[in-house]
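Peer 1: target-v1.cif is the file, holding mmCIF, C-alpha atoms:
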data_structure
loop_
_atom_site.label_atom_id
_atom_site.label_comp_id
_atom_site.auth_asym_id
_atom_site.auth_seq_id
_atom_site.Cartn_x
_atom_site.Cartn_y
_atom_site.Cartn_z
CA MET A 990 26.66 -6.97 44.05
CA TYR A 991 23.69 -4.78 44.98
CA ASP A 992 24.72 -1.75 42.90
CA MET A 993 22.65 -2.57 39.82
CA LEU A 994 19.49 -3.18 41.82
CA ILE A 995 19.94 -0.07 43.96
CA ALA A 996 20.44 2.08 40.86
CA ASN A 997 17.32 0.51 39.34
CA LEU A 998 15.24 1.20 42.47
CA ARG A 999 16.53 4.76 42.69
CA LYS A 1000 15.39 5.45 39.12
CA HIS A 1001 11.83 5.30 40.49
CA ILE A 1002 11.86 5.94 44.25
CA ASN A 1003 13.87 7.76 46.91
CA LEU A 1004 15.65 5.52 49.40
CA THR A 1005 17.73 6.32 52.49
CA ALA A 1006 20.85 4.35 53.38
CA GLU A 1007 18.78 2.63 56.05
CA ASP A 1008 16.12 1.61 53.49
CA ILE A 1009 18.87 0.11 51.34
CA ASP A 1010 20.14 -1.92 54.31
CA THR A 1011 16.62 -3.10 55.08
CA ILE A 1012 16.18 -4.25 51.50
CA THR A 1013 19.57 -5.82 50.86
CA SER A 1014 19.52 -7.78 54.14
CA ARG A 1015 16.56 -9.70 52.69
CA LEU A 1016 18.19 -10.62 49.39
CA ASN A 1017 20.07 -13.82 48.57
CA LEU A 1018 22.61 -14.23 45.83
CA LYS A 1019 21.89 -17.30 43.74
CA LYS A 1020 24.16 -18.63 41.00
CA VAL A 1021 22.49 -20.59 38.23
CA LYS A 1022 24.44 -22.62 35.69
CA ARG A 1023 23.49 -22.52 32.01
CA LYS A 1024 20.52 -24.81 31.23
CA HIS A 1025 19.50 -24.94 34.90
CA TYR A 1026 16.09 -23.78 36.07
CA LEU A 1027 14.94 -21.12 38.53
CA VAL A 1028 11.30 -22.19 38.25
CA ALA A 1029 9.56 -25.24 36.79
CA PRO A 1030 5.86 -26.16 36.33
CA GLN A 1031 4.06 -27.64 39.33
CA GLU A 1032 6.59 -26.13 41.74
CA TYR A 1033 5.54 -23.22 43.91
CA CYS A 1034 7.32 -20.10 42.78
CA ARG A 1035 8.15 -18.23 45.97
CA TYR A 1036 10.79 -15.82 44.67
CA GLU A 1037 11.24 -12.76 42.52
CA HIS A 1038 14.66 -12.72 40.83
CA PHE A 1039 16.66 -9.67 39.79
CA VAL A 1040 19.30 -10.59 37.19
CA ILE A 1041 22.75 -9.18 37.93
CA LYS A 1042 24.61 -11.38 35.44
CA GLY A 1043 23.55 -13.60 32.56
CA CYS A 1044 20.40 -14.28 30.63
CA PHE A 1045 17.15 -16.20 31.13
CA ARG A 1046 14.09 -17.18 29.18
CA SER A 1047 10.65 -18.09 30.50
CA TYR A 1048 8.49 -20.45 28.48
CA PHE A 1049 5.66 -22.91 28.75
CA VAL A 1050 5.03 -26.19 27.00
CA ASP A 1051 1.59 -26.71 25.50
CA ASP A 1052 -0.41 -29.95 25.39
CA ARG A 1053 1.26 -30.95 22.13
CA GLY A 1054 4.71 -30.57 23.67
CA ASP A 1055 5.55 -27.34 21.83
CA GLU A 1056 7.54 -24.65 23.66
CA HIS A 1057 6.36 -21.01 23.69
CA ILE A 1058 8.78 -18.38 24.98
CA THR A 1059 7.00 -15.63 26.89
CA TYR A 1060 9.86 -13.42 28.08
CA PHE A 1061 13.61 -12.89 28.12
CA ALA A 1062 15.54 -11.31 30.99
CA VAL A 1063 19.11 -10.02 31.01
CA GLU A 1064 21.02 -7.87 33.51
CA ASP A 1065 18.83 -5.27 35.25
CA TYR A 1066 15.58 -7.23 34.59
CA TRP A 1067 13.31 -9.02 37.07
CA ILE A 1068 12.10 -12.51 36.21
CA THR A 1069 9.78 -15.02 37.86
CA ASP A 1070 6.53 -16.87 37.20
CA LEU A 1071 4.61 -13.81 38.31
CA GLN A 1072 1.27 -15.57 38.29
CA SER A 1073 2.46 -18.33 40.63
CA PHE A 1074 4.38 -15.82 42.78
CA ILE A 1075 1.33 -13.59 43.21
CA SER A 1076 -1.44 -16.20 43.42
CA GLY A 1077 0.40 -18.89 45.37
CA GLU A 1078 -0.72 -21.47 42.79
CA PRO A 1079 1.76 -23.88 41.17
CA ALA A 1080 3.96 -22.46 38.42
CA THR A 1081 3.04 -22.97 34.76
CA LEU A 1082 6.31 -21.62 33.35
CA TYR A 1083 9.88 -22.76 33.12
CA VAL A 1084 12.51 -20.10 33.87
CA GLU A 1085 15.79 -21.34 32.41
CA ALA A 1086 19.29 -19.82 32.47
CA LEU A 1087 20.66 -19.44 28.93
CA GLU A 1088 24.12 -18.51 30.24
CA ASP A 1089 25.88 -19.03 33.59
CA SER A 1090 23.95 -16.44 35.58
CA GLU A 1091 23.54 -14.71 38.93
CA VAL A 1092 20.34 -13.38 40.45
CA LEU A 1093 19.30 -11.64 43.64
CA GLN A 1094 16.44 -13.65 45.12
CA LEU A 1095 13.66 -12.01 47.09
CA SER A 1096 11.12 -14.28 48.74
CA LYS A 1097 7.44 -13.45 48.80
CA ASN A 1098 7.46 -13.28 52.62
CA HIS A 1099 10.38 -10.88 52.61
CA LEU A 1100 8.76 -8.77 49.92
CA GLU A 1101 5.51 -8.51 51.93
CA GLU A 1102 7.61 -7.51 54.94
CA LEU A 1103 9.44 -4.89 52.86
CA PHE A 1104 6.15 -3.38 51.66
CA GLN A 1105 5.54 -2.53 55.32
CA LEU A 1106 9.09 -1.46 56.21
CA VAL A 1107 9.88 0.51 53.04
CA PRO A 1108 6.47 1.63 51.74
CA GLN A 1109 8.01 3.31 48.67
CA LEU A 1110 8.50 -0.23 47.33
CA ASN A 1111 4.76 -0.34 46.71
CA ASN A 1112 5.32 2.53 44.35
CA TYR A 1113 8.28 0.79 42.68
CA PHE A 1114 6.40 -2.48 42.13
CA ARG A 1115 3.28 -0.61 41.00
CA ILE A 1116 5.38 0.99 38.26
CA LEU A 1117 7.06 -2.34 37.44
CA TYR A 1118 3.68 -4.07 37.12
CA GLN A 1119 2.36 -1.21 35.00
CA LYS A 1120 5.21 -1.81 32.59
CA SER A 1121 4.49 -5.55 32.54
CA ILE A 1122 0.87 -4.85 31.69
CA VAL A 1123 1.82 -2.50 28.87
CA SER A 1124 4.25 -4.97 27.35
CA MET A 1125 1.87 -7.92 27.75
CA ASN A 1126 -0.87 -5.90 26.07
CA THR A 1127 1.45 -4.86 23.30
CA ARG A 1128 2.36 -8.49 22.64
CA VAL A 1129 -1.28 -9.62 22.57
CA LEU A 1130 -2.30 -6.78 20.23
CA ASN A 1131 0.75 -7.31 18.03
CA ALA A 1132 0.00 -10.99 17.75
CA ILE A 1133 -3.29 -10.08 16.17
CA SER A 1134 -2.74 -6.87 14.27
CA SER A 1135 0.92 -6.37 13.29
CA THR A 1136 2.92 -8.03 10.58
CA ALA A 1137 5.73 -10.46 11.37
CA ASP A 1138 8.27 -7.84 10.26
CA GLU A 1139 6.89 -5.35 12.77
CA HIS A 1140 7.04 -7.97 15.54
CA TYR A 1141 10.66 -8.55 14.79
CA LEU A 1142 11.47 -4.82 14.83
CA GLN A 1143 9.66 -4.47 18.17
CA PHE A 1144 11.63 -7.40 19.55
CA LEU A 1145 14.90 -5.66 18.50
CA LYS A 1146 13.72 -2.48 20.20
CA ARG A 1147 12.62 -4.20 23.40
CA TYR A 1148 15.69 -6.43 23.68
CA PRO A 1149 18.63 -4.70 22.02
CA PHE A 1150 21.78 -6.89 21.99
CA LEU A 1151 19.82 -10.06 22.85
CA GLU A 1152 20.05 -11.34 19.29
CA GLN A 1153 23.75 -12.02 19.75
CA ARG A 1154 23.17 -13.91 23.02
CA VAL A 1155 20.38 -16.39 22.33
CA PRO A 1156 19.87 -18.93 19.54
CA GLN A 1157 17.70 -17.91 16.58
CA TYR A 1158 15.17 -20.68 17.21
CA MET A 1159 14.37 -19.16 20.63
CA ILE A 1160 13.75 -15.74 19.10
CA ALA A 1161 11.50 -17.49 16.57
CA SER A 1162 9.59 -19.13 19.44
CA TYR A 1163 9.21 -15.79 21.23
CA LEU A 1164 7.84 -14.29 18.00
CA GLY A 1165 5.62 -17.31 17.35
CA VAL A 1166 7.13 -18.09 13.94
CA THR A 1167 9.28 -20.91 12.54
CA PRO A 1168 13.09 -20.42 12.46
CA GLU A 1169 12.93 -20.57 8.64
CA PHE A 1170 10.38 -17.77 8.55
CA LEU A 1171 12.42 -15.68 11.03
CA SER A 1172 15.40 -16.00 8.74
CA LYS A 1173 13.31 -14.61 5.85
CA ILE A 1174 12.05 -11.75 8.04
CA ARG A 1175 15.61 -10.91 9.09
CA SER A 1176 16.97 -10.68 5.58
CA ARG A 1177 13.97 -8.59 4.52
CA VAL A 1178 14.32 -6.20 7.45
CA LEU A 1179 18.11 -5.95 7.15
CA SER A 1180 18.02 -5.28 3.40
CA ARG A 1181 15.49 -2.47 4.01
CA ARG A 1182 17.75 -0.95 6.67
CA SER A 1183 20.97 -1.00 4.68
CA MET B 207 -22.19 7.42 45.38
CA TYR B 208 -18.69 6.76 46.76
CA ASP B 209 -19.66 3.86 49.05
CA MET B 210 -18.81 1.05 46.65
CA LEU B 211 -15.38 2.46 45.83
CA ILE B 212 -14.55 3.20 49.47
CA ALA B 213 -15.53 -0.35 50.47
CA ASN B 214 -13.38 -1.68 47.63
CA LEU B 215 -10.36 0.43 48.69
CA ARG B 216 -10.78 -0.61 52.33
CA LYS B 217 -10.65 -4.28 51.38
CA HIS B 218 -6.96 -3.70 50.65
CA ILE B 219 -5.73 -0.60 52.51
CA ASN B 220 -6.46 1.43 55.65
CA LEU B 221 -7.81 4.91 55.03
CA THR B 222 -8.66 7.75 57.40
CA ALA B 223 -11.72 9.96 56.89
CA GLU B 224 -9.31 12.62 55.66
CA ASP B 225 -7.81 10.24 53.08
CA ILE B 226 -11.31 9.48 51.84
CA ASP B 227 -12.02 13.20 51.41
CA THR B 228 -8.72 13.68 49.59
CA ILE B 229 -9.63 10.87 47.19
CA THR B 230 -13.30 11.62 46.58
CA SER B 231 -12.66 15.32 45.96
CA ARG B 232 -10.69 14.23 42.86
CA LEU B 233 -13.40 12.00 41.39
CA ASN B 234 -16.03 12.94 38.83
CA LEU B 235 -19.31 11.17 38.29
CA LYS B 236 -19.88 10.41 34.62
CA LYS B 237 -23.07 8.97 33.18
CA VAL B 238 -22.73 6.98 29.99
CA LYS B 239 -25.70 5.94 27.87
CA ARG B 240 -25.91 2.44 26.44
CA LYS B 241 -23.82 2.10 23.24
CA HIS B 242 -21.80 5.20 24.08
CA TYR B 243 -18.04 5.11 24.49
CA LEU B 244 -15.69 5.96 27.36
CA VAL B 245 -12.61 5.42 25.22
CA ALA B 246 -12.02 5.03 21.49
CA PRO B 247 -8.90 4.27 19.40
CA GLN B 248 -6.61 7.20 18.57
CA GLU B 249 -7.94 9.22 21.50
CA TYR B 250 -5.73 9.77 24.52
CA CYS B 251 -7.11 7.83 27.43
CA ARG B 252 -6.54 10.06 30.45
CA TYR B 253 -8.94 8.46 32.94
CA GLU B 254 -9.39 5.38 35.06
CA HIS B 255 -13.08 4.53 35.52
CA PHE B 256 -14.65 2.75 38.50
CA VAL B 257 -18.07 1.33 37.59
CA ILE B 258 -20.80 2.08 40.13
CA LYS B 259 -23.71 1.14 37.88
CA GLY B 260 -24.01 -0.72 34.58
CA CYS B 261 -21.78 -2.80 32.37
CA PHE B 262 -18.97 -2.20 29.87
CA ARG B 263 -16.88 -4.15 27.40
CA SER B 264 -13.47 -3.28 26.03
CA TYR B 265 -12.56 -4.53 22.59
CA PHE B 266 -10.34 -3.85 19.63
CA VAL B 267 -10.92 -4.18 15.93
CA ASP B 268 -8.25 -5.99 13.91
CA ASP B 269 -7.04 -5.17 10.39
CA ARG B 270 -9.79 -7.31 8.88
CA GLY B 271 -12.47 -5.42 10.79
CA ASP B 272 -13.16 -8.22 13.30
CA GLU B 273 -13.94 -7.29 16.91
CA HIS B 274 -12.13 -8.98 19.79
CA ILE B 275 -13.46 -8.44 23.31
CA THR B 276 -10.68 -8.23 25.88
CA TYR B 277 -12.54 -7.51 29.11
CA PHE B 278 -15.93 -6.95 30.72
CA ALA B 279 -16.56 -4.64 33.69
CA VAL B 280 -19.64 -4.45 35.92
CA GLU B 281 -20.24 -2.71 39.25
CA ASP B 282 -17.15 -2.67 41.51
CA TYR B 283 -14.71 -3.10 38.57
CA TRP B 284 -12.21 -0.62 37.15
CA ILE B 285 -12.01 -0.18 33.39
CA THR B 286 -9.85 1.85 31.01
CA ASP B 287 -7.39 1.37 28.17
CA LEU B 288 -4.66 0.74 30.71
CA GLN B 289 -1.90 0.79 28.13
CA SER B 290 -2.87 4.22 26.83
CA PHE B 291 -3.52 5.49 30.36
CA ILE B 292 -0.09 4.37 31.59
CA SER B 293 2.03 5.06 28.52
CA GLY B 294 0.35 8.26 27.33
CA GLU B 295 0.13 6.79 23.82
CA PRO B 296 -3.15 6.84 21.85
CA ALA B 297 -5.74 4.23 22.82
CA THR B 298 -6.08 1.00 20.85
CA LEU B 299 -9.28 -0.16 22.55
CA TYR B 300 -12.92 0.81 22.52
CA VAL B 301 -14.61 0.92 25.94
CA GLU B 302 -18.36 0.78 25.33
CA ALA B 303 -21.31 0.89 27.74
CA LEU B 304 -23.57 -2.14 27.29
CA GLU B 305 -26.24 -0.66 29.60
CA ASP B 306 -26.98 2.89 30.80
CA SER B 307 -24.05 3.21 33.22
CA GLU B 308 -22.33 5.41 35.78
CA VAL B 309 -18.62 5.57 36.52
CA LEU B 310 -16.35 7.51 38.85
CA GLN B 311 -13.64 9.08 36.72
CA LEU B 312 -10.12 9.60 38.02
CA SER B 313 -7.71 11.50 35.80
CA LYS B 314 -4.09 10.50 35.47
CA ASN B 315 -2.93 13.82 36.92
CA HIS B 316 -5.18 13.41 39.94
CA LEU B 317 -4.05 9.83 40.42
CA GLU B 318 -0.39 10.88 40.36
CA GLU B 319 -1.24 13.57 42.92
CA LEU B 320 -3.05 11.02 45.08
CA PHE B 321 -0.04 8.67 45.03
CA GLN B 322 1.79 11.47 46.88
CA LEU B 323 -1.04 12.52 49.20
CA VAL B 324 -2.33 9.05 50.09
CA PRO B 325 0.69 6.76 49.62
CA GLN B 326 -1.33 3.64 50.52
CA LEU B 327 -2.90 3.99 47.07
CA ASN B 328 0.39 2.75 45.66
CA ASN B 329 -0.27 -0.42 47.57
CA TYR B 330 -3.87 -0.62 46.31
CA PHE B 331 -2.93 -0.14 42.65
CA ARG B 332 0.02 -2.52 43.00
CA ILE B 333 -2.46 -5.20 44.12
CA LEU B 334 -4.94 -4.24 41.38
CA TYR B 335 -2.23 -4.49 38.71
CA GLN B 336 -1.05 -7.81 40.14
CA LYS B 337 -4.55 -9.15 39.65
CA SER B 338 -4.66 -7.81 36.08
CA ILE B 339 -1.39 -9.57 35.33
CA VAL B 340 -2.65 -12.86 36.74
CA SER B 341 -5.87 -12.71 34.74
CA MET B 342 -4.11 -11.62 31.54
CA ASN B 343 -1.66 -14.49 31.95
CA THR B 344 -4.46 -16.92 32.60
CA ARG B 345 -6.20 -15.80 29.40
CA VAL B 346 -3.05 -16.16 27.31
CA LEU B 347 -2.23 -19.60 28.72
CA ASN B 348 -5.85 -20.74 28.40
CA ALA B 349 -5.97 -19.62 24.81
CA ILE B 350 -3.18 -22.06 24.09
CA SER B 351 -3.62 -24.95 26.46
CA SER B 352 -7.23 -25.29 27.66
CA THR B 353 -10.24 -26.66 25.84
CA ALA B 354 -13.11 -24.40 24.78
CA ASP B 355 -15.30 -25.97 27.50
CA GLU B 356 -12.75 -25.01 30.17
CA HIS B 357 -12.59 -21.44 28.81
CA TYR B 358 -16.31 -21.16 29.13
CA LEU B 359 -16.31 -22.49 32.70
CA GLN B 360 -13.55 -20.03 33.62
CA PHE B 361 -15.57 -17.21 32.08
CA LEU B 362 -18.59 -18.19 34.24
CA LYS B 363 -16.34 -18.25 37.30
CA ARG B 364 -14.72 -14.89 36.55
CA TYR B 365 -17.94 -13.12 35.57
CA PRO B 366 -20.84 -14.71 37.43
CA PHE B 367 -24.22 -13.24 36.38
CA LEU B 368 -22.77 -11.56 33.28
CA GLU B 369 -24.31 -14.15 30.97
CA GLN B 370 -27.75 -12.71 31.66
CA ARG B 371 -26.58 -9.16 30.94
CA VAL B 372 -24.68 -9.30 27.65
CA PRO B 373 -25.54 -10.85 24.27
CA GLN B 374 -24.19 -14.32 23.52
CA TYR B 375 -22.19 -13.13 20.51
CA MET B 376 -20.12 -10.88 22.80
CA ILE B 377 -19.32 -13.76 25.12
CA ALA B 378 -18.33 -15.74 22.02
CA SER B 379 -16.02 -12.89 20.98
CA TYR B 380 -14.47 -12.75 24.46
CA LEU B 381 -13.85 -16.51 24.28
CA GLY B 382 -12.57 -16.30 20.70
CA VAL B 383 -15.16 -18.72 19.26
CA THR B 384 -18.14 -18.37 16.93
CA PRO B 385 -21.62 -17.89 18.47
CA GLU B 386 -22.65 -21.26 17.00
CA PHE B 387 -19.74 -22.99 18.69
CA LEU B 388 -20.49 -21.23 22.00
CA SER B 389 -24.02 -22.54 21.83
CA LYS B 390 -22.66 -26.12 21.44
CA ILE B 391 -20.27 -25.59 24.37
CA ARG B 392 -23.11 -24.28 26.54
CA SER B 393 -25.39 -27.23 25.95
CA ARG B 394 -22.48 -29.64 26.53
CA VAL B 395 -21.47 -27.92 29.79
CA LEU B 396 -25.05 -27.54 31.05
CA SER B 397 -25.94 -31.17 30.32
CA ARG B 398 -22.88 -32.29 32.27
CA ARG B 399 -23.87 -30.08 35.21
CA SER B 400 -27.48 -31.21 35.43
#
Show me this structure written as structure tokens.
Peer 2:
Amino acid sequence: MYDMLIANLRKHINLTAEDIDTITSRLNLKKVKRKHYLVAPQEYCRYEHFVIKGCFRSYFVDDRGDEHITYFAVEDYWITDLQSFISGEPATLYVEALEDSEVLQLSKNHLEELFQLVPQLNNYFRILYQKSIVSMNTRVLNAISSTADEHYLQFLKRYPFLEQRVPQYMIASYLGVTPEFLSKIRSRVLSRRS
Amino acid sequence: MYDMLIANLRKHINLTAEDIDTITSRLNLKKVKRKHYLVAPQEYCRYEHFVIKGCFRSYFVDDRGDEHITYFAVEDYWITDLQSFISGEPATLYVEALEDSEVLQLSKNHLEELFQLVPQLNNYFRILYQKSIVSMNTRVLNAISSTADEHYLQFLKRYPFLEQRVPQYMIASYLGVTPEFLSKIRSRVLSRRS
């Protein structure tokens, strides 16, 4: 059950067999049924989660009750309310399983311990956070300067195969458009491709 | 000229005198006149910059020619187009000096070298990137769910003293409101405080 995570870590850092033991001994397997939550607003988010099976979305609900999807995670992705996890403040996001899923949980205390015991993990998480920053920036800039068609193409590039796994209205929410408008974008983009 | 940076590093990590030498030998002092640029769109942004004197803003210009300020940096702050710096793609941001300023420049090659020579820097930049993620998230969530008055109060909290150093229209741009509306917010907030 640790193979996917170990391969992911080893893409970025060198680890001995002992390092691997140190890391895996601090992980918990958690099974999450479809439509159940890993994180919810007002709770304290004390875990990072590495997806080994299934699919999640994170979203928040604005003052008018509208949902905004901020992120999708499938196998080989980390997901959490990073802001709450880092700052220790209550969560603002929901993290919901879209399929019956399994994650490896890593608590903040264990992670802090691991930064001491396996210092290369600082390097790994630095790279992971770099990637988060780049993709958050890209989304903010896209929201302002790209066309809806470009957003959709970038979504397909960032999350290949996800379109078959989640409902269209969620993809529309992630892109910040109505489902009707997404359907127009899709037919436009597909007709240009074929 | 390295004192501020060394104090900043030592807030987060332990460094020997030798580590300090290793780091400072890879830094360049760069003086930037008011209204001059550290970074501009289409250029490759190959440096991180630590401000030791002065004040900068980063902003982008959308398709309609409107400026949007994404970040301010004063003494003891890092500034760059992080996305371009990390990804190696051309910059999308301008980084402009708002006063005659001085920065310590660290090239990407030197930083990569330093991650090997002084591994604690992985820890430092991991923490720095964590903070960026938290503040980017806060800005995105605020943009959707807080009132304009709250935005302004959060700006004052995040950047104390900056109000006296930059023109009001730039603060308005950072907050995503018109200068006229900012002036209404200010009088509302100040009257409530007094």
Peer 1: Could you state which residues are captured by the PyMOL selection byres ((chain A) within 6 of (chain B)) in this file, as a PyMOL selection string?
Peer 2: chain A and resi 1051+1072+1111-1112+1115+1123+1134
Peer 1: Calculated over all atoms listed in the file, which of the candidates B:Lys239, B:Arg232, B:Arg263, B:Arg345 has the smallest distance to Arg364 of chain B?
Peer 2: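 The closest residue to Arg364 of chain B is B:Arg345.
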Peer 1: Leaving out segment 1151-1161 of chain A and any residue of its chain fewer than 5 positions from it, which residues lie within 10 Å of it when counting only C-alpha atoms, given as a PyMOL selection string?
Peer 2: chain A and resi 1043-1046+1048+1056-1058+1061-1063+1087-1088+1141+1144-1145+1166-1172
Peer 1: Translate the PyMOL selection byres ((chain B and resi 308-316) around 8) into a concrete residue list for this structure, as a CSV table (one decimal) with C-alpha atoms, keeping the file's coordinate frame.
Peer 2:
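The new file result_0.csv reads:
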chain,number,residue,atom,x,y,z
B,232,ARG,CA,-10.7,14.2,42.9
B,233,LEU,CA,-13.4,12.0,41.4
B,234,ASN,CA,-16.0,12.9,38.8
B,235,LEU,CA,-19.3,11.2,38.3
B,236,LYS,CA,-19.9,10.4,34.6
B,237,LYS,CA,-23.1,9.0,33.2
B,238,VAL,CA,-22.7,7.0,30.0
B,252,ARG,CA,-6.5,10.1,30.4
B,253,TYR,CA,-8.9,8.5,32.9
B,254,GLU,CA,-9.4,5.4,35.1
B,255,HIS,CA,-13.1,4.5,35.5
B,256,PHE,CA,-14.6,2.8,38.5
B,257,VAL,CA,-18.1,1.3,37.6
B,258,ILE,CA,-20.8,2.1,40.1
B,259,LYS,CA,-23.7,1.1,37.9
B,260,GLY,CA,-24.0,-0.7,34.6
B,291,PHE,CA,-3.5,5.5,30.4
B,306,ASP,CA,-27.0,2.9,30.8
B,307,SER,CA,-24.0,3.2,33.2
B,317,LEU,CA,-4.0,9.8,40.4
B,318,GLU,CA,-0.4,10.9,40.4
B,319,GLU,CA,-1.2,13.6,42.9
B,320,LEU,CA,-3.0,11.0,45.1
Peer 1: So the first atom is atom CA of Ile1002 of chain A and the second is atom CA of Pro296 of chain B; what is the distance between them in Å, to one decimal place?
Peer 2: 27.0 Å
Peer 1: Return the single residue from B:Gln248, B:Ser264, B:Thr353, B:Thr286 that is closest to Glu302 of chain B, with distances computed using all atoms listed in the file.
Peer 2: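 Checking each of B:Gln248, B:Ser264, B:Thr353, B:Thr286 against Glu302 of chain B, counting all atoms listed in the file, the winner is B:Ser264.
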Peer 1: So the first atom is atom CA of Ala1137 of chain A and the second is atom CA of Val301 of chain B; what is the distance between them in Å, to one decimal place?
Peer 2: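 According to the coordinates, atom CA of Ala1137 of chain A and atom CA of Val301 of chain B are separated by 27.5 Å.
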Peer 1: Could you check how far atom CA of Tyr283 of chain B sits from atom CA of Ala213 of chain B, in Å to one decimal?
Peer 2: 12.2 Å
Peer 1: When distances are computed from all atoms listed in the file, which of A:Tyr1026, A:Tyr1060, A:Tyr991, A:Tyr1033 shows the smallest separation from Tyr1163 of chain A?
Peer 2: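 Ranking A:Tyr1026, A:Tyr1060, A:Tyr991, A:Tyr1033 by distance to Tyr1163 of chain A, first place goes to A:Tyr1060.
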